[in-house]
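Data block for my_file16.tsv (TSV, C-alpha atoms):
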```
chain	number	residue	atom	x	y	z
A	1	MET	CA	0.00	0.00	0.00
A	2	VAL	CA	1.32	3.45	-0.91
A	3	ASN	CA	1.11	6.56	1.28
A	4	ILE	CA	1.36	9.17	-1.47
A	5	CYS	CA	0.48	9.49	-5.15
A	6	VAL	CA	2.24	12.21	-7.14
A	7	SER	CA	0.84	13.12	-10.56
A	8	GLY	CA	2.61	15.29	-13.12
A	9	ALA	CA	5.73	15.82	-15.21
A	10	ILE	CA	8.62	13.42	-15.68
A	11	ASN	CA	11.46	15.16	-17.56
A	12	TRP	CA	15.07	14.74	-18.53
A	13	ASP	CA	16.99	17.85	-17.43
A	14	ILE	CA	19.83	19.37	-19.44
A	15	ASN	CA	21.56	21.75	-17.01
A	16	LEU	CA	23.76	24.50	-18.45
A	17	PHE	CA	26.03	26.08	-15.83
A	18	VAL	CA	27.18	29.61	-16.70
A	19	GLU	CA	29.02	32.43	-14.93
A	20	ARG	CA	26.10	34.79	-15.51
A	21	PHE	CA	22.90	34.95	-17.54
A	22	PRO	CA	23.21	36.48	-21.03
A	23	GLN	CA	21.45	39.67	-22.01
A	24	ILE	CA	19.11	39.51	-24.99
A	25	GLY	CA	21.18	38.87	-28.11
A	26	GLU	CA	24.33	38.11	-26.10
A	27	GLU	CA	26.31	34.87	-26.15
A	28	VAL	CA	27.95	33.50	-23.01
A	29	SER	CA	30.09	30.40	-22.64
A	30	ILE	CA	28.90	27.29	-20.80
A	31	LYS	CA	31.24	26.21	-17.99
A	32	ARG	CA	29.67	22.80	-17.46
A	33	ILE	CA	26.73	20.72	-18.70
A	34	THR	CA	24.92	17.88	-16.95
A	35	ARG	CA	22.12	15.61	-18.10
A	36	VAL	CA	20.06	14.26	-15.22
A	37	PRO	CA	16.54	12.99	-14.46
A	38	GLY	CA	14.03	15.66	-13.46
A	39	GLY	CA	10.45	16.81	-13.88
A	40	LYS	CA	8.58	18.32	-10.94
A	41	ALA	CA	6.37	15.31	-10.21
A	42	ALA	CA	9.23	12.82	-10.52
A	43	ASN	CA	11.43	15.00	-8.29
A	44	VAL	CA	8.66	15.27	-5.68
A	45	ALA	CA	8.06	11.52	-5.78
A	46	VAL	CA	11.77	10.81	-5.24
A	47	ALA	CA	11.96	13.34	-2.40
A	48	SER	CA	8.99	11.64	-0.74
A	49	ALA	CA	10.40	8.15	-1.28
A	50	ARG	CA	13.68	9.13	0.40
A	51	ILE	CA	11.69	9.92	3.54
A	52	LEU	CA	9.08	7.14	3.47
A	53	GLY	CA	11.13	4.28	2.04
A	54	SER	CA	10.64	1.95	-0.89
A	55	GLY	CA	7.17	1.35	-2.31
A	56	LYS	CA	5.39	4.04	-0.28
A	57	THR	CA	5.26	6.70	-3.03
A	58	ALA	CA	3.64	6.19	-6.45
A	59	LEU	CA	4.20	8.35	-9.53
A	60	LEU	CA	1.44	8.93	-12.10
A	61	GLY	CA	2.35	10.37	-15.51
A	62	CYS	CA	3.32	9.62	-19.07
A	63	LEU	CA	6.58	8.94	-20.92
A	64	GLY	CA	7.39	8.40	-24.55
A	65	LYS	CA	8.55	5.03	-25.81
A	66	ASP	CA	12.16	6.11	-26.08
A	67	LYS	CA	15.60	5.83	-24.50
A	68	ILE	CA	14.81	8.54	-21.96
A	69	ALA	CA	11.79	6.56	-20.72
A	70	LYS	CA	13.89	3.46	-20.18
A	71	GLU	CA	16.43	5.38	-18.12
A	72	GLN	CA	13.70	7.15	-16.13
A	73	ARG	CA	12.04	3.86	-15.22
A	74	GLU	CA	15.29	2.33	-14.02
A	75	ILE	CA	16.25	5.36	-11.95
A	76	LEU	CA	12.81	5.72	-10.34
A	77	GLU	CA	12.70	2.04	-9.42
A	78	GLU	CA	16.17	2.34	-7.84
A	79	GLU	CA	14.82	5.23	-5.74
A	80	GLY	CA	11.97	3.05	-4.48
A	81	VAL	CA	9.19	4.85	-6.38
A	82	ASN	CA	6.19	2.75	-7.47
A	83	ILE	CA	5.99	3.30	-11.27
A	84	SER	CA	2.99	1.10	-12.07
A	85	GLY	CA	0.89	4.25	-12.65
A	86	ILE	CA	3.14	5.54	-15.48
A	87	THR	CA	1.76	5.16	-19.00
A	88	PHE	CA	3.68	5.22	-22.28
A	89	THR	CA	2.87	6.78	-25.65
A	90	GLU	CA	4.25	6.59	-29.18
A	91	ASP	CA	2.69	9.96	-30.03
A	92	ALA	CA	5.24	12.16	-28.23
A	93	GLU	CA	8.79	11.96	-26.89
A	94	SER	CA	9.52	12.00	-23.19
A	95	GLY	CA	9.57	15.45	-21.59
A	96	GLN	CA	12.78	17.45	-21.40
A	97	ALA	CA	13.83	20.65	-19.65
A	98	TYR	CA	16.69	22.98	-20.57
A	99	ILE	CA	17.91	24.83	-17.49
A	100	ILE	CA	20.42	27.68	-17.29
A	101	ILE	CA	22.10	28.07	-13.88
A	102	ASP	CA	24.37	30.96	-12.92
A	103	LYS	CA	27.21	31.07	-10.36
A	104	GLU	CA	24.77	32.09	-7.60
A	105	GLY	CA	22.68	28.95	-8.18
A	106	THR	CA	19.68	30.83	-9.59
A	107	ASN	CA	18.08	29.53	-12.76
A	108	PHE	CA	15.88	29.89	-15.84
A	109	ILE	CA	13.91	26.82	-16.95
A	110	ASN	CA	12.60	26.09	-20.47
A	111	THR	CA	10.45	22.96	-20.67
A	112	MET	CA	9.31	20.78	-23.53
A	113	PHE	CA	6.47	18.84	-21.87
A	114	GLY	CA	6.07	16.27	-24.66
A	115	ALA	CA	4.52	13.02	-23.39
A	116	ASN	CA	3.61	14.66	-20.08
A	117	LEU	CA	0.69	16.34	-21.84
A	118	MET	CA	-0.69	12.96	-22.90
A	119	PHE	CA	-1.69	11.96	-19.35
A	120	SER	CA	-5.46	12.48	-19.52
A	121	PRO	CA	-8.55	12.06	-17.31
A	122	GLN	CA	-9.10	8.74	-19.08
A	123	ASN	CA	-5.85	7.44	-17.59
A	124	LEU	CA	-7.31	7.94	-14.10
A	125	LYS	CA	-9.88	5.23	-14.88
A	126	ASP	CA	-7.18	2.62	-15.44
A	127	PRO	CA	-7.53	0.11	-12.58
A	128	LEU	CA	-3.85	0.37	-11.64
A	129	VAL	CA	-3.97	4.18	-11.46
A	130	PHE	CA	-7.33	4.26	-9.65
A	131	ASN	CA	-6.19	1.74	-7.03
A	132	LEU	CA	-3.03	3.73	-6.34
A	133	ILE	CA	-5.08	6.87	-5.72
A	134	TYR	CA	-7.64	4.97	-3.64
A	135	SER	CA	-4.99	3.41	-1.38
A	136	SER	CA	-3.11	6.68	-0.77
A	137	SER	CA	-3.75	9.21	1.98
A	138	ILE	CA	-2.02	12.14	0.21
A	139	ILE	CA	-2.46	13.10	-3.46
A	140	ILE	CA	0.00	15.65	-4.88
A	141	LEU	CA	-0.95	17.18	-8.23
A	142	ILE	CA	1.49	19.27	-10.22
A	143	ASP	CA	1.70	20.13	-13.92
A	144	SER	CA	-0.50	17.70	-15.82
A	145	PRO	CA	-3.03	19.19	-18.30
A	146	LEU	CA	-5.68	21.22	-16.48
A	147	GLU	CA	-8.48	18.80	-17.30
A	148	THR	CA	-6.44	15.97	-15.77
A	149	ILE	CA	-5.70	17.99	-12.63
A	150	GLU	CA	-9.40	18.85	-12.32
A	151	ALA	CA	-10.45	15.21	-12.69
A	152	ALA	CA	-7.79	13.95	-10.29
A	153	ALA	CA	-8.66	16.57	-7.65
A	154	SER	CA	-12.35	15.69	-7.91
A	155	LEU	CA	-11.71	11.94	-7.69
A	156	SER	CA	-9.31	12.33	-4.76
A	157	HIS	CA	-11.66	14.63	-2.86
A	158	ARG	CA	-14.54	12.23	-3.40
A	159	TYR	CA	-12.57	9.52	-1.62
A	160	GLU	CA	-11.54	11.90	1.18
A	161	LYS	CA	-7.86	12.12	0.35
A	162	THR	CA	-5.72	15.10	1.33
A	163	VAL	CA	-5.21	16.91	-1.98
A	164	ILE	CA	-2.19	19.16	-2.53
A	165	TRP	CA	-1.75	21.12	-5.76
A	166	ASP	CA	1.49	22.83	-6.78
A	167	ALA	CA	0.08	25.42	-9.19
A	168	GLY	CA	3.44	26.00	-10.90
A	169	VAL	CA	3.17	26.72	-14.60
A	170	ARG	CA	-0.65	26.60	-14.39
A	171	SER	CA	-0.81	29.55	-11.97
A	172	GLY	CA	-0.94	32.01	-14.87
A	173	VAL	CA	-4.39	30.76	-15.87
A	174	GLY	CA	-5.93	32.77	-13.02
A	175	VAL	CA	-8.39	32.00	-10.23
A	176	GLU	CA	-11.56	32.28	-12.28
A	177	LYS	CA	-10.66	29.42	-14.63
A	178	LEU	CA	-9.37	27.25	-11.79
A	179	GLU	CA	-12.43	27.27	-9.54
A	180	LYS	CA	-13.33	23.62	-10.23
A	181	ILE	CA	-9.85	22.58	-9.15
A	182	LEU	CA	-9.62	24.89	-6.15
A	183	LYS	CA	-12.87	23.69	-4.58
A	184	ASN	CA	-11.49	20.14	-4.23
A	185	LEU	CA	-8.11	21.04	-2.73
A	186	ASP	CA	-6.79	21.02	0.82
A	187	TYR	CA	-3.54	22.86	0.01
A	188	VAL	CA	-2.34	24.98	-2.89
A	189	VAL	CA	1.43	25.54	-3.12
A	190	VAL	CA	3.05	28.43	-5.01
A	191	ASN	CA	6.22	30.49	-5.04
A	192	GLN	CA	6.40	34.28	-4.78
A	193	VAL	CA	5.89	34.83	-8.51
A	194	GLU	CA	3.12	32.27	-8.81
A	195	VAL	CA	1.01	33.64	-5.97
A	196	ASN	CA	0.77	36.91	-7.90
A	197	ASN	CA	0.13	35.10	-11.19
A	198	LEU	CA	-2.64	33.11	-9.58
A	199	THR	CA	-4.45	35.82	-7.63
A	200	GLY	CA	-3.06	39.19	-8.73
A	201	GLU	CA	-1.88	39.73	-5.15
A	202	GLU	CA	1.66	39.61	-3.75
A	203	ASN	CA	0.47	39.64	-0.13
A	204	ALA	CA	-0.22	36.07	0.99
A	205	GLU	CA	-3.14	36.90	3.28
A	206	LYS	CA	-4.90	38.90	0.56
A	207	ALA	CA	-4.19	36.08	-1.89
A	208	TRP	CA	-5.74	33.56	0.49
A	209	LYS	CA	-8.87	35.68	0.80
A	210	ILE	CA	-9.28	35.59	-2.98
A	211	LEU	CA	-8.75	31.82	-3.07
A	212	SER	CA	-11.17	31.31	-0.18
A	213	ASN	CA	-14.03	32.51	-2.36
A	214	SER	CA	-13.70	29.17	-4.16
A	215	ASN	CA	-12.85	27.10	-1.09
A	216	ASP	CA	-12.97	28.50	2.45
A	217	ARG	CA	-11.14	25.52	3.98
A	218	LEU	CA	-8.16	25.87	1.61
A	219	LYS	CA	-4.64	26.31	2.98
A	220	LEU	CA	-2.17	28.40	0.97
A	221	ILE	CA	1.56	27.61	1.16
A	222	VAL	CA	3.96	30.17	-0.31
A	223	LYS	CA	7.58	29.11	-0.91
A	224	LEU	CA	9.86	32.08	-0.26
A	225	GLY	CA	13.16	30.61	-1.44
A	226	GLU	CA	16.06	31.43	0.87
A	227	LYS	CA	13.65	33.42	3.08
A	228	GLY	CA	11.70	30.29	4.05
A	229	CYS	CA	7.98	29.68	3.65
A	230	LEU	CA	4.60	30.49	5.10
A	231	LEU	CA	1.16	28.94	5.35
A	232	ILE	CA	-2.14	30.80	5.47
A	233	SER	CA	-5.30	28.95	6.49
A	234	PRO	CA	-8.78	30.05	7.63
A	235	ASP	CA	-7.64	30.43	11.23
A	236	LYS	CA	-3.86	30.74	11.37
A	237	LYS	CA	-0.61	31.81	9.78
A	238	ILE	CA	2.57	29.76	10.07
A	239	GLU	CA	5.89	31.35	9.17
A	240	VAL	CA	9.23	29.54	8.86
A	241	THR	CA	12.36	31.61	8.19
A	242	GLY	CA	15.07	30.45	5.82
A	243	VAL	CA	17.87	28.12	6.91
A	244	ASP	CA	21.30	29.74	7.19
A	245	LEU	CA	23.51	27.28	5.32
A	246	ASN	CA	26.62	28.93	6.78
A	247	GLU	CA	25.59	27.49	10.14
A	248	LEU	CA	25.81	24.06	8.52
A	249	ASN	CA	29.15	24.85	6.83
A	250	LEU	CA	27.42	24.38	3.47
A	251	GLN	CA	26.89	26.63	0.47
A	252	VAL	CA	24.41	27.00	-2.40
A	253	VAL	CA	25.33	25.06	-5.53
A	254	ASN	CA	22.07	24.71	-7.48
A	255	THR	CA	18.56	25.84	-6.52
A	256	VAL	CA	16.82	23.82	-9.27
A	257	GLY	CA	14.57	21.31	-7.52
A	258	CYS	CA	14.50	22.98	-4.09
A	259	GLY	CA	10.76	23.55	-4.32
A	260	ASP	CA	10.24	19.93	-5.35
A	261	SER	CA	12.24	18.72	-2.37
A	262	PHE	CA	10.17	21.00	-0.14
A	263	LEU	CA	6.89	19.61	-1.49
A	264	GLY	CA	7.90	15.95	-1.43
A	265	VAL	CA	9.11	16.16	2.15
A	266	PHE	CA	6.04	18.14	3.26
A	267	GLY	CA	3.74	15.52	1.75
A	268	ALA	CA	5.77	12.66	3.22
A	269	TYR	CA	5.57	13.99	6.76
A	270	LYS	CA	1.88	14.84	6.42
A	271	SER	CA	1.32	11.20	5.44
A	272	LEU	CA	3.13	10.29	8.67
A	273	ARG	CA	0.53	12.43	10.48
A	274	LEU	CA	2.74	15.33	11.51
A	275	ASN	CA	0.91	18.63	11.88
A	276	ASP	CA	1.38	21.53	9.45
A	277	ARG	CA	3.97	23.30	11.58
A	278	GLU	CA	6.17	20.22	11.99
A	279	ALA	CA	5.87	19.23	8.32
A	280	LEU	CA	6.72	22.77	7.15
A	281	GLU	CA	9.82	22.95	9.35
A	282	ARG	CA	11.15	19.73	7.85
A	283	ALA	CA	10.18	20.70	4.30
A	284	ASN	CA	11.91	24.06	4.71
A	285	LEU	CA	15.10	22.35	5.89
A	286	ALA	CA	14.94	19.81	3.04
A	287	GLY	CA	14.66	22.57	0.44
A	288	ALA	CA	17.74	24.28	1.88
A	289	LEU	CA	19.76	21.07	1.94
A	290	LYS	CA	18.84	20.34	-1.67
A	291	ALA	CA	20.36	23.71	-2.69
A	292	THR	CA	23.76	22.40	-1.61
A	293	ARG	CA	23.61	19.59	-4.16
A	294	PRO	CA	24.32	19.97	-7.92
A	295	GLU	CA	21.75	17.41	-9.08
A	296	THR	CA	18.08	18.31	-9.60
A	297	ARG	CA	17.00	15.37	-7.45
A	298	GLY	CA	19.26	16.32	-4.59
A	299	SER	CA	16.65	15.98	-1.86
A	300	PRO	CA	18.02	14.56	1.40
A	301	THR	CA	17.36	11.08	2.70
A	302	LYS	CA	15.50	10.73	5.98
A	303	GLN	CA	18.80	9.92	7.72
A	304	ILE	CA	20.49	13.08	6.43
A	305	LEU	CA	17.47	15.27	7.17
A	306	GLU	CA	17.26	14.03	10.74
A	307	HIS	CA	21.01	14.56	11.14
A	308	PHE	CA	20.50	18.26	10.39
A	309	LEU	CA	17.16	18.54	12.20
A	310	LYS	CA	18.65	20.59	15.01
A	311	TYR	CA	19.34	23.33	12.43
A	312	ARG	CA	15.71	23.58	11.31
A	313	LYS	CA	14.04	26.92	11.88
A	314	GLN	CA	11.22	26.88	14.40
A	315	ALA	CA	7.90	27.95	12.94
A	316	ILE	CA	6.01	30.94	14.30
A	317	GLU	CA	2.30	30.18	14.46
A	318	THR	CA	-0.22	33.01	14.77
A	319	GLU	CA	-3.91	32.46	15.35
A	320	LYS	CA	-6.05	34.48	12.92
A	321	PRO	CA	-9.64	33.83	14.00
A	322	HIS	CA	-11.01	36.90	12.17
A	323	MET	CA	-8.89	36.71	9.00
A	324	ARG	CA	-11.93	36.75	6.76
```

Would you put the structure from the file into structure tokens?
Amino acid sequence: MVNICVSGAINWDINLFVERFPQIGEEVSIKRITRVPGGKAANVAVASARILGSGKTALLGCLGKDKIAKEQREILEEEGVNISGITFTEDAESGQAYIIIDKEGTNFINTMFGANLMFSPQNLKDPLVFNLIYSSSIIILIDSPLETIEAAASLSHRYEKTVIWDAGVRSGVGVEKLEKILKNLDYVVVNQVEVNNLTGEENAEKAWKILSNSNDRLKLIVKLGEKGCLLISPDKKIEVTGVDLNELNLQVVNTVGCGDSFLGVFGAYKSLRLNDREALERANLAGALKATRPETRGSPTKQILEHFLKYRKQAIETEKPHMR
């Protein structure tokens, strides 16, 4: 039986490391290039599996019938991810992302979704996929086509699963067109840019008020990068400041995948029945530790995370009984 199902993109990442980003029309030299497995959903699934152990996290998505797919399957199985919910298509090649990373570890990402866009609501009716969702307690939805996200959120809510949606690239669609998804969610997760894309508001509390018109039980999590994260719910605000890597004698190498590590670890600890504050503290630490690794899937194992647990930042929880 699995604890978590993660649905969304499975990509192959081509990372281009540069001294600085080019200006428009400018050419800069590449210092180093790496080709590694990625894709937000696959990264989240691996991050979760490193906490929960083998067979406890399932990945739902689509790959092409190509060399990339073969490598992805082998790597995911080695990480202990259940891949029985992955489908394969001859109509598109496996997804790929081209990522430019500067000397500070910041990045630009250009994605060719390919086969990822072929995972449809019909796939959710497949007995293998349905049973994975039914047996899970946490469902994490990321960047599948909107109609698939809507169907998965509805199905998961119907069976009383905790539904988490990382709005990501879909945040630009806007609240009005996302109402059918929002009403079936327990958590929506965004970064600082995405919260504005989604609601038109940069302030998290104002953004939550807009989202609450579709779902007044919804919890909003905003990833703040090196500054930490915060959660807004109907009755409270939880703030976790960023981890100072200098205290750990570590430094930033690559921030690609930090948000995925955060989400996978948050979901994993929620499936282990930790409360929001405890899960956020661990997720925040995991995101920081990932930044010290060059690979996209650099999320820490449970052993490593617990080794550094004393360095986690304590959350500040504020009751907001009259937020609305």

Self-check item: Using all atoms listed in the file: which of A:Val265, A:Ala69, A:Ala315, A:Ile83 has the shortest distance to A:Pro300
Solution: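 Comparing A:Val265, A:Ala69, A:Ala315, A:Ile83 against A:Pro300, the winner is A:Val265.
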
Practice problem: One decimal, Å: what's the distance from atom CA of A:Ala58 over to atom CA of A:Glu226, could you say? | Solution: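 Atom CA of A:Glu226 lies 29.1 Å from atom CA of A:Ala58.
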
Practice problem: Find, counting all atoms listed in the file, the residue in A:Arg217, A:Arg35, A:Arg158, A:Arg282 that gets nearest to A:His307. | Solution: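 Of A:Arg217, A:Arg35, A:Arg158, A:Arg282, the one nearest A:His307, counting all atoms listed in the file, is A:Arg282.
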
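Restricting the calculation to only C-alpha atoms, the smallest distance between A:Thr296 and any of A:Asp276, A:Glu179, A:Glu19, A:Asp260 is found for A:Asp260.
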
Quiz prompt | A:Pro121 environment, 10 Å, all atoms listed in the file, sequence neighbours closer than 6 positions dropped, as number ranges by chain | solution = A: 144-152

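Taking atom CA of A:Ile51 and atom CA of A:Ala268 as the two end points, the separation is 6.5 Å.
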
Self-check item: Within 6 Å of stretch 189-197 of chain A using all atoms listed in the file, minus same-chain residues under 6 positions, as a list in words
Solution: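 Non-adjacent residues within range: Asp166, Ala167, Ser171, Gly172, Ile221, Val222 and Lys223 of chain A.
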
Quiz item: Looking at only C-alpha atoms, which of A:Ile142, A:Lys177, A:Glu78, A:Tyr159 is the one that sits closest to A:Gly61?
Solution: A:Ile142

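With distances restricted to only C-alpha atoms, A:Gly8 is the closest residue to A:Ile86 from A:Gly114, A:Gly25, A:Gly105, A:Gly8.
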
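Between atom CA of A:Lys209 and atom CA of A:Arg170 lies a distance of 19.5 Å.
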
Practice problem: Would you mind listing what lies within 12 Å of A:Leu60 as a ChimeraX atom specification, with all atoms listed in the file counted and same-chain residues fewer than 2 positions away left out? | Solution: /A:4-10,40-42,44-45,57-58,62-63,76,81-88,116,118-121,123-124,126,128-133,139-144,148-149,152

Quiz item: With distances taken over all atoms listed in the file, which of A:Tyr187, A:Asn110, A:Thr292, A:Gly80 is nearest to A:Val253?
Solution: A:Thr292

Please, what is the axis-aligned box for every listed atom of stretch 55-72 of chain A with 3 Å on each side, as centre and edge lengths in Å to one decimal, as JSON?
```
{"center_x": 8.9, "center_y": 5.9, "center_z": -13.2, "size_x": 21.0, "size_y": 15.0, "size_z": 31.8}
```

Quiz prompt | A:Arg312 surroundings by only C-alpha atoms, 8 Å radius, close-in-sequence under 2 positions cut, as JSON, numbers by chain | solution = {"A": [243, 281, 282, 284, 285, 308, 309, 310, 314]}
